[in-house]
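These notes are about the structure you will find just below.
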Amino acid sequence: RRSTADKSERKVSDEPTFKDAVNDRRYANYLVGDCAAACRRMGHNTTSHRRGASPHWRSTAVIGRNKDDEVMTMAKYEAYFQEHRERHLQELNDFLRIPSVSALPQHADDVKRAARWAADNLRAAGVPYVEIIETEGHPSVYAQWIVDESLPTYLIYGHIDVQPVDPEHLWETPPFEPTVRDGKLYARGAADDKGCAFIPMKAVEALAAVDGKPPVNIKFLLEGEEEIGSPSLPKLLETHAEKLRCDAVLCADGGFYRVQQPDITVGSRGICAL
């Protein structure tokens, strides 16, 4: 988010968002290569340091590629993203145009529309099982791609709802009409969290297109109530505990320390706020 130094005036401009940097080599690498590599490294690290590692964890050794294979595969990923760059940006724009403001009752149908959009996009990416989980409030999207039960399972968390846009007159461009300025894409939710949740969707799509499948088991949980404190999430987690069971969670919601150095959050221990 971006604001002026005088916060008392609430001069909040457009949310600086998903950087229009698919042409950037490092960003394209992050979209899929770093995600896959992180999964492999996590598997190896767990194997190395987990006492009494079971065959389930020892089997992660087969995931890794040698250095030459990594370079060749990364080139394939980059070529895939270059080829589909315009389509991906158009898809992201379509996602951002949905005013899925979970805090406002008049946008309840829009949150449902965002859930359907995410579910359809995951199916189009090649994920074999996708469902929308209804709750007492807004829905969430669950998806899974179980490649091999002997491999580790990683759950990717994100959310499809966004914050309200007031005061709207301070936006330089309409909050739900994505606009590119100075190489950046501005819209409500483009950073928090539709843009960030969009990245692993496209990573899985590229893994499916290049390799035929991801290197580990992948699950998604895209929540519809994060911006209002996740009131339905505890019951959802309890009800679907077996379905959501995994070895680690990757959080697709959070900031980057540097614009050109995207991050994957793997070690959150909670949150403290005033």
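Simple scheme: letters A, B, ... for chains in structure tokens order, numbers from 1 for residues in each chain, numbers from 1 for ligands in the order shown.
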Write out as a list in words each polymer residue whose atoms come within 8 Å of stretch 235-244 of chain A, counting only C-alpha atoms; drop sequence neighbours fewer than 5 positions from it.
Thr135, Leu155 and Lys219 of chain A
When DSSP is applied to the backbone of this structure, which of stretch 39-272 of chain A are assigned strand (DSSP E or B)? Write them out as a ChimeraX atom specification.
/A:101,129-133,140-145,153-159,162,179-181,184-186,217-223,248-251,258,261,265
Shortest interatomic distance to A:Tyr157 - which of A:Asp68, A:Asp253, A:Glu205, A:Glu136, counting only C-alpha atoms
A:Asp253
Just the residues within 10 Å of A:Asp211, please, counting only C-alpha atoms, with nothing from its chain fewer than 3 positions along; format it as a ChimeraX atom specification.
/A:73,76-77,205-208,214-215
Within 12 Å of A:Cys196, counting only C-alpha atoms, which residues qualify if same-chain residues fewer than 2 places away don't, as a ChimeraX atom specification?
/A:17-19,30-31,92,95-96,156-160,189-194,198-203,222,250-256,262-265
Would you put the residues from that selection into a file with N, CA and C atoms, as an mmCIF file, in the first residue's frame?
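Contents of the output file again_26.cif:
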data_model
loop_
_atom_site.group_PDB
_atom_site.id
_atom_site.type_symbol
_atom_site.label_atom_id
_atom_site.label_comp_id
_atom_site.auth_asym_id
_atom_site.auth_seq_id
_atom_site.Cartn_x
_atom_site.Cartn_y
_atom_site.Cartn_z
ATOM 1 N N THR A 17 0.796 -2.118 -7.045
ATOM 2 C CA THR A 17 0.345 -3.477 -7.083
ATOM 3 C C THR A 17 1.266 -4.381 -7.841
ATOM 4 N N PHE A 18 0.657 -5.434 -8.330
ATOM 5 C CA PHE A 18 1.357 -6.477 -9.047
ATOM 6 C C PHE A 18 2.255 -5.853 -10.113
ATOM 7 N N LYS A 19 3.558 -5.934 -9.938
ATOM 8 C CA LYS A 19 4.480 -5.277 -10.853
ATOM 9 C C LYS A 19 4.393 -5.909 -12.233
ATOM 10 N N TYR A 30 10.777 -16.600 -10.575
ATOM 11 C CA TYR A 30 10.030 -16.762 -9.323
ATOM 12 C C TYR A 30 8.684 -17.399 -9.566
ATOM 13 N N LEU A 31 8.033 -17.006 -10.637
ATOM 14 C CA LEU A 31 6.671 -17.463 -10.873
ATOM 15 C C LEU A 31 6.540 -18.971 -10.794
ATOM 16 N N LEU A 92 -5.368 -11.564 -15.169
ATOM 17 C CA LEU A 92 -5.220 -10.836 -13.912
ATOM 18 C C LEU A 92 -6.131 -9.609 -13.894
ATOM 19 N N PHE A 95 -9.632 -10.628 -13.119
ATOM 20 C CA PHE A 95 -9.761 -10.952 -11.700
ATOM 21 C C PHE A 95 -9.897 -9.672 -10.870
ATOM 22 N N LEU A 96 -9.073 -8.676 -11.201
ATOM 23 C CA LEU A 96 -9.065 -7.430 -10.448
ATOM 24 C C LEU A 96 -10.328 -6.602 -10.650
ATOM 25 N N ILE A 156 -1.048 -24.062 -0.482
ATOM 26 C CA ILE A 156 -0.841 -22.646 -0.777
ATOM 27 C C ILE A 156 -2.063 -21.870 -0.311
ATOM 28 N N TYR A 157 -1.847 -20.946 0.619
ATOM 29 C CA TYR A 157 -2.940 -20.120 1.136
ATOM 30 C C TYR A 157 -2.925 -18.744 0.487
ATOM 31 N N GLY A 158 -4.117 -18.241 0.180
ATOM 32 C CA GLY A 158 -4.278 -16.872 -0.290
ATOM 33 C C GLY A 158 -5.717 -16.458 -0.054
ATOM 34 N N HIS A 159 -6.087 -15.265 -0.510
ATOM 35 C CA HIS A 159 -7.488 -14.877 -0.359
ATOM 36 C C HIS A 159 -7.958 -14.092 -1.575
ATOM 37 N N ILE A 160 -9.264 -14.175 -1.815
ATOM 38 C CA ILE A 160 -9.866 -13.605 -3.014
ATOM 39 C C ILE A 160 -10.670 -12.357 -2.711
ATOM 40 N N GLY A 189 -6.662 -4.712 -4.743
ATOM 41 C CA GLY A 189 -6.435 -6.152 -4.674
ATOM 42 C C GLY A 189 -5.289 -6.654 -5.521
ATOM 43 N N ALA A 190 -4.683 -5.783 -6.315
ATOM 44 C CA ALA A 190 -3.605 -6.269 -7.173
ATOM 45 C C ALA A 190 -2.383 -6.692 -6.375
ATOM 46 N N ALA A 191 -2.222 -6.125 -5.179
ATOM 47 C CA ALA A 191 -1.153 -6.586 -4.289
ATOM 48 C C ALA A 191 -1.711 -7.438 -3.168
ATOM 49 N N ASP A 192 -2.873 -7.086 -2.669
ATOM 50 C CA ASP A 192 -3.445 -7.753 -1.500
ATOM 51 C C ASP A 192 -4.875 -8.188 -1.800
ATOM 52 N N ASP A 193 -5.147 -9.380 -2.283
ATOM 53 C CA ASP A 193 -4.101 -10.386 -2.447
ATOM 54 C C ASP A 193 -4.264 -11.087 -3.798
ATOM 55 N N LYS A 194 -5.036 -10.487 -4.699
ATOM 56 C CA LYS A 194 -5.307 -11.206 -5.939
ATOM 57 C C LYS A 194 -4.050 -11.379 -6.776
ATOM 58 N N PHE A 198 -2.544 -14.964 -7.611
ATOM 59 C CA PHE A 198 -2.493 -15.289 -9.032
ATOM 60 C C PHE A 198 -1.174 -15.968 -9.406
ATOM 61 N N ILE A 199 -0.089 -15.593 -8.715
ATOM 62 C CA ILE A 199 1.237 -16.118 -9.049
ATOM 63 C C ILE A 199 1.310 -17.638 -8.937
ATOM 64 N N PRO A 200 0.932 -18.255 -7.806
ATOM 65 C CA PRO A 200 1.011 -19.718 -7.753
ATOM 66 C C PRO A 200 0.040 -20.412 -8.701
ATOM 67 N N MET A 201 -1.089 -19.767 -9.022
ATOM 68 C CA MET A 201 -1.985 -20.351 -10.028
ATOM 69 C C MET A 201 -1.251 -20.503 -11.360
ATOM 70 N N LYS A 202 -0.546 -19.452 -11.751
ATOM 71 C CA LYS A 202 0.189 -19.498 -13.020
ATOM 72 C C LYS A 202 1.424 -20.390 -12.912
ATOM 73 N N ALA A 203 2.013 -20.476 -11.710
ATOM 74 C CA ALA A 203 3.149 -21.379 -11.529
ATOM 75 C C ALA A 203 2.726 -22.818 -11.768
ATOM 76 N N LEU A 222 -8.022 -20.748 -0.962
ATOM 77 C CA LEU A 222 -8.178 -19.326 -1.249
ATOM 78 C C LEU A 222 -9.426 -18.848 -0.525
ATOM 79 N N LEU A 250 2.541 -22.695 2.230
ATOM 80 C CA LEU A 250 3.168 -21.532 1.600
ATOM 81 C C LEU A 250 2.127 -20.421 1.561
ATOM 82 N N CYS A 251 2.454 -19.270 2.100
ATOM 83 C CA CYS A 251 1.504 -18.162 2.170
ATOM 84 C C CYS A 251 1.685 -17.233 0.976
ATOM 85 N N ALA A 252 0.653 -17.154 0.138
ATOM 86 C CA ALA A 252 0.689 -16.261 -1.028
ATOM 87 C C ALA A 252 0.043 -14.928 -0.677
ATOM 88 N N ASP A 253 0.291 -14.453 0.510
ATOM 89 C CA ASP A 253 -0.248 -13.173 0.969
ATOM 90 C C ASP A 253 0.810 -12.502 1.815
ATOM 91 N N GLY A 254 1.356 -11.413 1.325
ATOM 92 C CA GLY A 254 2.404 -10.725 2.069
ATOM 93 C C GLY A 254 3.259 -9.887 1.155
ATOM 94 N N GLY A 255 4.058 -9.024 1.732
ATOM 95 C CA GLY A 255 4.844 -8.095 0.932
ATOM 96 C C GLY A 255 6.187 -8.661 0.519
ATOM 97 N N PHE A 256 6.847 -7.938 -0.376
ATOM 98 C CA PHE A 256 8.204 -8.252 -0.803
ATOM 99 C C PHE A 256 9.152 -7.264 -0.126
ATOM 100 N N PRO A 262 11.191 -11.055 -5.250
ATOM 101 C CA PRO A 262 9.972 -11.645 -4.666
ATOM 102 C C PRO A 262 10.315 -12.696 -3.616
ATOM 103 N N ASP A 263 9.389 -12.893 -2.690
ATOM 104 C CA ASP A 263 9.624 -13.798 -1.574
ATOM 105 C C ASP A 263 8.517 -14.835 -1.494
ATOM 106 N N ILE A 264 8.843 -15.987 -0.934
ATOM 107 C CA ILE A 264 7.856 -17.000 -0.582
ATOM 108 C C ILE A 264 7.869 -17.133 0.929
ATOM 109 N N THR A 265 6.733 -16.886 1.576
ATOM 110 C CA THR A 265 6.647 -16.930 3.037
ATOM 111 C C THR A 265 6.463 -18.374 3.478
#
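Using only C-alpha atoms, the shortest contact distance between A:His107 and any of A:Gly270, A:Gly183, A:Pro164, A:Gly229 is found at A:Pro164.
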Looking at A:Leu151, A:Ile146, A:Ala79, A:Leu233, which one is nearest to A:Asp247, with distances taken over only C-alpha atoms?
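Looking only at the distances to A:Asp247, the closest residue turns out to be A:Leu151.
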What lies within 6 Å of stretch 126-130 of chain A using only C-alpha atoms, ignoring chain neighbours under 4 positions off, as a list of chain:residue names?
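So, after excluding close chain neighbours, the residues are A:Leu122, A:Tyr142, A:Ala143, A:Gln144, A:Trp145.
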Atom CA of A:Ala119 to atom CA of A:Leu89, straight-line distance in Å
17.7 Å
Tell me which of A:Thr153, A:Ile133, A:Ala187, A:Ala209 sits closest to A:Tyr80, counting only C-alpha atoms.
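The closest residue to A:Tyr80 is A:Ala209.
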Going by DSSP on the backbone, which residues of stretch 155-208 of chain A come out as helix (DSSP H, G or I)? List them as a ChimeraX atom specification.
/A:168-170,194-208
Please list as a list of chain:residue names every residue within 8 Å of stretch 165-169 of chain A, counting only C-alpha atoms and excluding residues in the same chain fewer than 5 positions away.
A:Pro174, A:Pro175, A:Arg188
Pick out the residues sitting within 12 Å of A:Ala103, and hand them over as a count of residues only; count only C-alpha atoms, and ignore anything fewer than 2 positions along from it in its own chain.
24
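Rounded to one decimal, atom CA of A:Ala115 and atom CA of A:Arg87 lie 19.8 Å from each other.
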